[in-house]
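Peer 1: This is the structure I have questions about; it appears just below.
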Amino acid sequence: MKQILSNWTELKAPQQLSVGDIRRFLCSDKKFNDCSLAEQLTGLNIHDFESKVLRSNISIQHADLHGMNILLSESNSPIVIDYGDIKSCSSVIDPITLELSHYFHPKMCHKIERNLELASQWFNDDAIFLFNSNPTTALFLRKWSRDNSFLRSDYIAGVYAYAMRQLTYDDIDKDFAKALIKAAINEFN
């Protein structure tokens with residue numbers, strides 16, 4: 001997948017954006033307000049965090065690249081489907097979606113244990129080996145994200161944006177998403 005999508009990410013260009021701008025790639029202000037996301041995250045200063053400015057690499061992204069949107073041909077070649085969300089956005093979005101989707105997607109999330117300690121330690125690479133059921137894949141996807149990112153803050157903002165989008169759905173582990181958001185805020189500071 002990384003090789004297939006490299007045509008898009010090779011054309012990445014850095015832009016100065018706020019964390020809120022990156023969140024808007026995945027979760028519009030309308031969804032943010034309609035779902036009262038700031039109110040769901042009491043004790044966290046979401047508005048101050050979203051005003052933080054960073055450099056982010058921007059490129060074309062599938063923007064919904066979870067495992068159910070990748071099929072395998074008879075020769076085990078990946079086939080990407082469902083291009084309905086394709087857009088120019090932060091270059092970390094596709095690998096982050098692959099990294100996190102099995103914790104949230106309704107057809108995959110019941111096959112893996114969601115450990116809140118993993119979510120709270122998400123940005124500690126050593127913790128992957130302690131809490132993740134598939135650390136080799138997780139490290140590959142994290143490296144892919146970092147290869148696409150401008151700086152580490154780009155990855156952190158992407159995880160935050162993905163977790164915020166998940167809070168707009170009813171059938172997800174909201175505690176896991178909230179723990180990821182809190183970890184992102186703590187890591188960015």
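Here's how to read the names in the structure tokens: chain A, B, ... by the order shown, residue numbers from 1 in each chain, ligand numbers from 1 in the order shown.
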Enumerate the residues of stretch 40-133 of chain A with a DSSP assignment of strand (DSSP E), computed from the backbone, and present them as a ChimeraX atom specification.
Peer 2: /A:53-61,70-72,78-80,87-90
Peer 1: If you take only C-alpha atoms and a cut-off of 8 Å, which residues of stretch 106-157 of chain A touch stretch 5-27 of chain A, and what are their nearest atom pairs and distances in Å to one decimal, in chain and number order, as JSON lines?
Peer 2:
```
{"residue": "A:Asn148", "atom": "CA", "partner": "A:Thr9", "partner_atom": "CA", "distance": 6.9}
{"residue": "A:Phe150", "atom": "CA", "partner": "A:Pro14", "partner_atom": "CA", "distance": 6.8}
{"residue": "A:Ala157", "atom": "CA", "partner": "A:Val19", "partner_atom": "CA", "distance": 5.7}
```
Peer 1: Write a file of the just-selected residues containing all heavy atoms, as a compact mmCIF listing (two decimals), in the first residue's frame.
Peer 2:
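Listing of out.txt after writing:
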```txt
# COMPACT_ATOMS: atom_id res chain seq x y z
N ASN A 148 5.91 10.42 5.98
CA ASN A 148 5.02 11.37 5.31
C ASN A 148 4.91 12.70 6.04
O ASN A 148 4.47 13.69 5.46
CB ASN A 148 3.62 10.78 5.15
CG ASN A 148 3.55 9.70 4.12
OD1 ASN A 148 4.54 9.35 3.47
ND2 ASN A 148 2.37 9.12 3.95
N PHE A 150 5.85 16.19 8.24
CA PHE A 150 6.85 17.25 8.22
C PHE A 150 7.71 17.14 9.48
O PHE A 150 8.92 17.10 9.41
CB PHE A 150 6.18 18.63 8.13
CG PHE A 150 7.15 19.75 7.94
CD1 PHE A 150 7.64 20.03 6.68
CD2 PHE A 150 7.59 20.50 9.02
CE1 PHE A 150 8.56 21.06 6.49
CE2 PHE A 150 8.50 21.52 8.85
CZ PHE A 150 8.99 21.80 7.58
N ALA A 157 -0.93 15.57 15.46
CA ALA A 157 -2.17 16.25 15.05
C ALA A 157 -3.05 15.32 14.22
O ALA A 157 -4.28 15.36 14.32
CB ALA A 157 -1.83 17.52 14.29
```
Peer 1: In Å to one decimal, how far is atom CA of A:Asp175 from atom CA of A:Glu187?
Peer 2: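 If I compute the distance from atom CA of A:Glu187 to atom CA of A:Asp175, I get 18.0 Å.
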Peer 1: Quick one: of A:Glu50, A:Asp85, A:Glu74, A:Asp126, who's nearest to A:Gly158, counting only C-alpha atoms?
Peer 2: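 For A:Gly158, the nearest of the candidates is A:Glu50.
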Peer 1: Determine, counting only C-alpha atoms, which protein, DNA and RNA residues have an atom within 8 Å of an atom of stretch 92-104 of chain A; residues of the same chain fewer than 4 positions away are not included. Present the result as number ranges by chain.
Peer 2: A: 57, 61-67, 108-109, 112-114, 138, 141-142, 144-146, 148-149, 154-155, 158-159, 162, 166, 172-173
